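Engineer: Structure: query-v8.cif, mmCIF, C-alpha atoms.
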data_entry
#
loop_
_atom_site.group_PDB
_atom_site.id
_atom_site.type_symbol
_atom_site.label_atom_id
_atom_site.label_comp_id
_atom_site.auth_asym_id
_atom_site.auth_seq_id
_atom_site.Cartn_x
_atom_site.Cartn_y
_atom_site.Cartn_z
ATOM 1 C CA GLY L 1 7.741 -7.564 27.967
ATOM 2 C CA THR L 2 6.702 -3.948 27.505
ATOM 3 C CA ALA L 3 10.181 -2.756 28.463
ATOM 4 C CA GLU L 4 11.827 -5.192 26.024
ATOM 5 C CA LEU L 5 9.588 -4.144 23.142
ATOM 6 C CA ALA L 6 10.258 -0.484 23.952
ATOM 7 C CA HIS L 7 13.901 -0.915 22.870
ATOM 8 C CA SER L 8 12.835 -1.077 19.237
ATOM 9 C CA ALA L 9 9.228 0.151 19.024
ATOM 10 C CA ALA L 10 8.040 3.704 18.515
ATOM 11 C CA GLN L 11 5.389 3.267 21.208
ATOM 12 C CA VAL L 12 4.475 0.407 23.561
ATOM 13 C CA ILE L 13 1.461 0.043 25.830
ATOM 14 C CA GLY L 14 1.442 -2.529 28.611
ATOM 15 C CA VAL L 15 -1.951 -3.675 29.864
ATOM 16 C CA ASP L 16 -2.895 -5.530 33.024
ATOM 17 C CA VAL L 17 -6.165 -5.962 34.870
ATOM 18 C CA ALA L 18 -4.430 -5.526 38.266
ATOM 19 C CA SER L 19 -3.827 -1.930 39.349
ATOM 20 C CA GLU L 20 -0.846 -3.058 41.457
ATOM 21 C CA ALA L 21 0.840 -4.557 38.402
ATOM 22 C CA VAL L 22 0.244 -1.397 36.371
ATOM 23 C CA SER L 23 1.625 0.826 39.164
ATOM 24 C CA TYR L 24 4.674 -1.371 39.580
ATOM 25 C CA ALA L 25 5.380 -1.502 35.843
ATOM 26 C CA ALA L 26 4.980 2.258 35.483
ATOM 27 C CA ALA L 27 7.452 2.831 38.331
ATOM 28 C CA GLN L 28 10.006 0.226 37.232
ATOM 29 C CA TYR L 29 9.884 0.372 33.439
ATOM 30 C CA ALA L 30 8.987 3.940 32.530
ATOM 31 C CA ARG L 31 10.468 5.122 29.252
ATOM 32 C CA PHE L 32 9.660 7.947 26.865
ATOM 33 C CA ASN L 33 7.811 5.519 24.575
ATOM 34 C CA THR L 34 5.904 3.403 27.108
ATOM 35 C CA ARG L 35 2.698 3.699 29.008
ATOM 36 C CA PHE L 36 0.804 1.294 31.192
ATOM 37 C CA VAL L 37 -2.971 0.936 31.310
ATOM 38 C CA GLN L 38 -5.242 -0.916 33.684
ATOM 39 C CA ALA L 39 -7.813 -2.801 31.606
ATOM 40 C CA SER L 40 -9.194 -6.224 30.904
ATOM 41 C CA GLY L 41 -7.861 -8.032 27.863
ATOM 42 C CA THR L 42 -11.463 -8.668 26.894
ATOM 43 C CA ALA L 43 -12.489 -4.980 26.840
ATOM 44 C CA LEU L 44 -9.565 -2.804 25.803
ATOM 45 C CA PRO L 45 -9.947 0.994 25.721
ATOM 46 C CA PHE L 46 -8.389 1.621 22.323
ATOM 47 C CA PRO L 47 -9.844 2.503 18.897
ATOM 48 C CA ASP L 48 -10.238 -0.089 16.148
ATOM 49 C CA ALA L 49 -7.170 -0.877 14.021
ATOM 50 C CA SER L 50 -4.765 0.982 16.299
ATOM 51 C CA PHE L 51 -1.936 -1.579 16.720
ATOM 52 C CA ASP L 52 0.693 -3.122 14.453
ATOM 53 C CA LEU L 53 1.622 -5.766 17.018
ATOM 54 C CA ILE L 54 -0.167 -7.252 20.018
ATOM 55 C CA THR L 55 1.413 -9.858 22.280
ATOM 56 C CA ALA L 56 -0.240 -12.045 24.901
ATOM 57 C CA PHE L 57 2.269 -14.421 26.421
ATOM 58 C CA GLU L 58 0.587 -16.898 28.738
ATOM 59 C CA VAL L 59 -2.504 -14.784 29.325
ATOM 60 C CA ILE L 60 -5.279 -16.554 27.442
ATOM 61 C CA GLU L 61 -5.425 -19.546 29.807
ATOM 62 C CA HIS L 62 -6.252 -17.201 32.704
ATOM 63 C CA LEU L 63 -9.430 -15.861 31.110
ATOM 64 C CA THR L 64 -12.867 -17.460 31.385
ATOM 65 C CA ASP L 65 -13.986 -15.462 28.353
ATOM 66 C CA TRP L 66 -10.835 -16.055 26.309
ATOM 67 C CA GLN L 67 -12.825 -15.867 23.066
ATOM 68 C CA ASN L 68 -13.401 -12.163 23.805
ATOM 69 C CA LEU L 69 -9.636 -11.626 24.030
ATOM 70 C CA LEU L 70 -9.255 -12.973 20.495
ATOM 71 C CA GLN L 71 -12.091 -10.783 19.220
ATOM 72 C CA GLU L 72 -10.581 -7.693 20.892
ATOM 73 C CA VAL L 73 -7.175 -8.387 19.376
ATOM 74 C CA ARG L 74 -8.735 -8.798 15.934
ATOM 75 C CA ARG L 75 -10.583 -5.482 16.378
ATOM 76 C CA LEU L 76 -7.438 -3.655 17.478
ATOM 77 C CA LEU L 77 -5.020 -4.930 14.834
ATOM 78 C CA ARG L 78 -4.339 -2.910 11.721
ATOM 79 C CA PRO L 79 -4.882 -4.852 8.461
ATOM 80 C CA ALA L 80 -1.224 -5.968 8.288
ATOM 81 C CA GLY L 81 -0.877 -6.258 12.072
ATOM 82 C CA GLN L 82 0.350 -9.338 13.911
ATOM 83 C CA PHE L 83 -0.693 -11.060 17.108
ATOM 84 C CA ILE L 84 1.808 -13.228 18.973
ATOM 85 C CA VAL L 85 0.175 -15.431 21.581
ATOM 86 C CA SER L 86 1.408 -18.313 23.708
ATOM 87 C CA THR L 87 -0.138 -20.755 26.134
ATOM 88 C CA PRO L 88 0.913 -23.911 27.983
ATOM 89 C CA ASN L 89 0.153 -27.266 26.401
ATOM 90 C CA LYS L 90 -2.731 -28.734 28.411
ATOM 91 C CA LEU L 91 -1.351 -32.284 28.101
ATOM 92 C CA TYR L 92 2.211 -31.433 29.159
ATOM 93 C CA TYR L 93 1.102 -29.007 31.857
ATOM 94 C CA ALA L 94 -1.266 -31.525 33.490
ATOM 95 C CA GLU L 95 1.550 -34.065 33.570
ATOM 96 C CA THR L 96 4.063 -31.664 35.174
ATOM 97 C CA ARG L 97 1.525 -30.510 37.783
ATOM 98 C CA GLU L 98 0.308 -33.998 38.641
ATOM 99 C CA LYS L 99 1.480 -33.828 42.279
ATOM 100 C CA ALA L 100 0.729 -30.129 42.889
ATOM 101 C CA GLY L 101 -2.677 -30.257 41.222
ATOM 102 C CA PRO L 102 -4.162 -27.910 38.639
ATOM 103 C CA ASN L 103 -3.033 -24.300 38.492
ATOM 104 C CA PRO L 104 -5.776 -22.415 40.372
ATOM 105 C CA PHE L 105 -5.244 -19.359 38.136
ATOM 106 C CA HIS L 106 -5.849 -21.200 34.865
ATOM 107 C CA THR L 107 -9.469 -21.262 33.797
ATOM 108 C CA HIS L 108 -8.943 -22.921 30.414
ATOM 109 C CA GLU L 109 -5.949 -24.840 29.102
ATOM 110 C CA PHE L 110 -5.620 -25.773 25.432
ATOM 111 C CA THR L 111 -4.589 -28.789 23.414
ATOM 112 C CA PHE L 112 -2.728 -27.999 20.204
ATOM 113 C CA GLU L 113 -5.742 -28.679 18.009
ATOM 114 C CA GLU L 114 -8.075 -26.564 20.135
ATOM 115 C CA PHE L 115 -5.675 -23.609 20.297
ATOM 116 C CA ASN L 116 -5.029 -23.724 16.556
ATOM 117 C CA GLN L 117 -8.745 -23.945 15.744
ATOM 118 C CA ALA L 118 -9.656 -21.115 18.142
ATOM 119 C CA LEU L 119 -7.138 -18.844 16.410
ATOM 120 C CA GLN L 120 -8.192 -19.896 12.910
ATOM 121 C CA ASP L 121 -11.812 -19.104 13.796
ATOM 122 C CA VAL L 122 -10.837 -15.442 14.313
ATOM 123 C CA PHE L 123 -7.718 -14.696 12.255
ATOM 124 C CA PRO L 124 -7.252 -15.064 8.484
ATOM 125 C CA SER L 125 -3.740 -16.518 8.783
ATOM 126 C CA VAL L 126 -2.213 -18.490 11.647
ATOM 127 C CA SER L 127 1.326 -19.894 11.954
ATOM 128 C CA MET L 128 1.785 -22.323 14.834
ATOM 129 C CA PHE L 129 5.031 -22.995 16.725
ATOM 130 C CA LEU L 130 6.046 -25.341 19.507
ATOM 131 C CA GLN L 131 8.062 -24.042 22.453
ATOM 132 C CA ASN L 132 10.053 -26.273 24.787
ATOM 133 C CA HIS L 133 12.259 -25.697 27.783
ATOM 134 C CA SER L 134 15.806 -26.840 27.226
ATOM 135 C CA ASP L 135 19.016 -26.899 29.204
ATOM 136 C CA ALA L 136 21.676 -25.146 27.186
ATOM 137 C CA MET L 137 25.116 -23.622 27.195
ATOM 138 C CA VAL L 138 26.064 -20.490 25.304
ATOM 139 C CA PHE L 139 29.595 -19.846 24.050
ATOM 140 C CA GLN L 140 30.365 -16.315 22.920
ATOM 141 C CA PRO L 141 33.547 -15.236 21.147
ATOM 142 C CA VAL L 142 35.796 -12.669 22.782
ATOM 143 C CA GLY L 143 37.632 -9.953 20.900
ATOM 144 C CA GLY L 144 35.087 -8.763 18.383
ATOM 145 C CA GLN L 145 34.768 -11.922 16.320
ATOM 146 C CA GLN L 146 31.394 -12.128 14.644
ATOM 147 C CA VAL L 147 30.417 -15.778 14.842
ATOM 148 C CA ALA L 148 26.857 -17.022 14.999
ATOM 149 C CA GLU L 149 25.626 -20.567 14.791
ATOM 150 C CA THR L 150 22.198 -21.953 15.400
ATOM 151 C CA LYS L 151 21.135 -25.552 15.797
ATOM 152 C CA LEU L 152 17.532 -26.544 15.387
ATOM 153 C CA ASP L 153 16.161 -29.971 16.125
ATOM 154 C CA THR L 154 15.649 -31.788 12.867
ATOM 155 C CA GLY L 155 13.177 -34.347 14.165
ATOM 156 C CA GLN L 156 9.481 -34.122 13.369
ATOM 157 C CA PRO L 157 7.795 -31.810 15.909
ATOM 158 C CA LYS L 158 5.187 -33.442 18.148
ATOM 159 C CA PRO L 159 2.572 -30.975 19.442
ATOM 160 C CA GLU L 160 1.423 -33.369 22.149
ATOM 161 C CA GLU L 161 4.949 -33.296 23.660
ATOM 162 C CA ALA L 162 5.503 -29.525 23.473
ATOM 163 C CA HIS L 163 5.668 -27.526 26.675
ATOM 164 C CA PHE L 164 3.972 -24.467 25.174
ATOM 165 C CA PHE L 165 2.308 -23.423 21.966
ATOM 166 C CA MET L 166 2.986 -20.106 20.288
ATOM 167 C CA ALA L 167 1.164 -18.659 17.329
ATOM 168 C CA VAL L 168 1.552 -15.648 15.055
#
Once more with this new file: its structure as structure tokens, please.

Structural biologist:
Amino acid sequence: GTAELAHSAAQVIGVDVASEAVSYAAAQYARFNTRFVQASGTALPFPDASFDLITAFEVIEHLTDWQNLLQEVRRLLRPAGQFIVSTPNKLYYAETREKAGPNPFHTHEFTFEEFNQALQDVFPSVSMFLQNHSDAMVFQPVGGQQVAETKLDTGQPKPEEAHFFMAV
């Protein structure tokens, strides 16, 4: 994710609690505008209001003290900053892992209502999205034609059936 954001950001910092992950990322994804830091998401070594954007894709469910992650993000965001966070849907995830059993690395999984409320307790504005896996085909024009078409499902979204939740 850090490497992808680095394509358009002035500066990107990737954080992981595991030193091996930080070393690997620094070796594989080094760019002039990236750096990688070993730290816990619940105690980040940065000054208040120092980020325009913070992302945490499928991190929060791994933390026993996930509330501290939200507080840290709030502390680190500039007044107009944004936080993009995602997590698996507890209901869908339990169903898909029925035979394998619970994910041993997840300490807390969220329902839609719980995730939304946890974010609203900390952030002044929250927009919720549903994310689903989908089989798809992509057709791209050849020869410089500029054609773009997007199809969105028009049915009423059902949080209880979503694979993941994402919030901004």

Engineer: List as a PyMOL selection string the protein and nucleic acid residues near L:Phe46, meaning an atom at most 12 Å away when only C-alpha atoms are counted, but skip any in the same chain fewer than 4 places from it.

Structural biologist: chain L and resi 13+15+37+39-42+50-51+72-73+75-77

Engineer: Keeping C-alpha atoms, export the residues of the selection given above as a compact mmCIF listing (two decimals), keeping the file's coordinate frame.

Structural biologist:
# COMPACT_ATOMS: atom_id res chain seq x y z
CA ILE L 13 1.46 0.04 25.83
CA VAL L 15 -1.95 -3.68 29.86
CA VAL L 37 -2.97 0.94 31.31
CA ALA L 39 -7.81 -2.80 31.61
CA SER L 40 -9.19 -6.22 30.90
CA GLY L 41 -7.86 -8.03 27.86
CA THR L 42 -11.46 -8.67 26.89
CA SER L 50 -4.76 0.98 16.30
CA PHE L 51 -1.94 -1.58 16.72
CA GLU L 72 -10.58 -7.69 20.89
CA VAL L 73 -7.18 -8.39 19.38
CA ARG L 75 -10.58 -5.48 16.38
CA LEU L 76 -7.44 -3.66 17.48
CA LEU L 77 -5.02 -4.93 14.83

Engineer: What's the 8 Å shell around stretch 98-107 of chain L, counting all atoms listed in the file, without same-chain residues fewer than 5 positions away, as a ChimeraX atom specification?

Structural biologist: /L:61-64

Engineer: Mind pulling up the distance from atom CA of L:Leu44 to atom CA of L:Ser19?

Structural biologist: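 Separation between atom CA of L:Ser19 and atom CA of L:Leu44: 14.7 Å.
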
Engineer: In terms of the shortest atom-to-atom distance over only C-alpha atoms, which of L:Thr55, L:Asn33, L:Gln67, L:Ser23 is closest to L:Gly1?

Structural biologist: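 So, comparing all the options, the nearest one is L:Thr55.
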
Engineer: Evaluate the PyMOL selection byres ((chain L and resi 130-132) around 6) here and jot the selected residues down as a PDB file with C-alpha atoms, in the coordinates of the input.

Structural biologist:
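New file selection21.pdb:
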ATOM      1  CA  PHE L 129       5.031 -22.995  16.725  1.00  0.00           C
ATOM      2  CA  HIS L 133      12.259 -25.697  27.783  1.00  0.00           C
ATOM      3  CA  ALA L 162       5.503 -29.525  23.473  1.00  0.00           C
ATOM      4  CA  HIS L 163       5.668 -27.526  26.675  1.00  0.00           C
ATOM      5  CA  PHE L 164       3.972 -24.467  25.174  1.00  0.00           C
ATOM      6  CA  PHE L 165       2.308 -23.423  21.966  1.00  0.00           C
TER       7      PHE L 165
END

Engineer: For the file shown, what are the residues hit by the PyMOL selection byres ((chain L and resi 57) around 6), laid out as a PyMOL selection string?

Structural biologist: chain L and resi 56+58-59+85-86

Engineer: Residues picked by the PyMOL selection byres ((chain L and resi 30) around 12) here, as number ranges by chain?

Structural biologist: L: 2-4, 6-7, 11-14, 22-29, 31-36

Engineer: Would you mind exporting C-alpha atoms of the selected residues as a short mmCIF file (atom, residue, chain, number, x, y, z; two decimals), keeping the file's coordinate frame?

Structural biologist:
data_model
loop_
_atom_site.label_atom_id
_atom_site.label_comp_id
_atom_site.auth_asym_id
_atom_site.auth_seq_id
_atom_site.Cartn_x
_atom_site.Cartn_y
_atom_site.Cartn_z
CA THR L 2 6.70 -3.95 27.50
CA ALA L 3 10.18 -2.76 28.46
CA GLU L 4 11.83 -5.19 26.02
CA ALA L 6 10.26 -0.48 23.95
CA HIS L 7 13.90 -0.92 22.87
CA GLN L 11 5.39 3.27 21.21
CA VAL L 12 4.47 0.41 23.56
CA ILE L 13 1.46 0.04 25.83
CA GLY L 14 1.44 -2.53 28.61
CA VAL L 22 0.24 -1.40 36.37
CA SER L 23 1.62 0.83 39.16
CA TYR L 24 4.67 -1.37 39.58
CA ALA L 25 5.38 -1.50 35.84
CA ALA L 26 4.98 2.26 35.48
CA ALA L 27 7.45 2.83 38.33
CA GLN L 28 10.01 0.23 37.23
CA TYR L 29 9.88 0.37 33.44
CA ARG L 31 10.47 5.12 29.25
CA PHE L 32 9.66 7.95 26.86
CA ASN L 33 7.81 5.52 24.58
CA THR L 34 5.90 3.40 27.11
CA ARG L 35 2.70 3.70 29.01
CA PHE L 36 0.80 1.29 31.19
#

Engineer: What separation in Å, quoted to one decimal, exists between atom CA of L:Glu20 and atom CA of L:Gly81?

Structural biologist: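 Answer for the atom CA of L:Glu20 to atom CA of L:Gly81 separation: 29.6 Å.
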
Engineer: Hey, which of L:Asn89, L:His108, L:Ser127, L:Leu5 ends up closest to L:Pro159? Count only C-alpha atoms.

Structural biologist: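 Comparing L:Asn89, L:His108, L:Ser127, L:Leu5 against L:Pro159, the winner is L:Asn89.
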
Engineer: So the first atom is atom CA of L:Phe110 and the second is atom CA of L:Lys90; what is the distance between them in Å, to one decimal place?

Structural biologist: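 Value for the atom CA of L:Phe110-atom CA of L:Lys90 distance: 5.1 Å.
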
Engineer: Closest to L:Leu53 among L:Gln156, L:Val168, L:Pro124, L:Gln117, using all atoms listed in the file?

Structural biologist: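 Counting all atoms listed in the file, the residue closest to L:Leu53 is L:Val168.
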
Engineer: Considering all atoms listed in the file, state which residue in the set L:Asp16, L:Asp48, L:Asp121, L:Glu161 is at the smallest distance from L:Leu91.

Structural biologist: L:Glu161

Engineer: Choose the residue, out of L:Ala94, L:Leu69, L:Ala9, L:Val17, that has the smallest atom-to-atom separation from L:Asp52; count all atoms listed in the file.

Structural biologist: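 Closest to L:Asp52 of all the choices is L:Ala9.
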
Engineer: Looking at L:Met166, L:Pro88, L:Thr96, L:Glu160, which one is nearest to L:Leu119, with distances taken over only C-alpha atoms?

Structural biologist: L:Met166
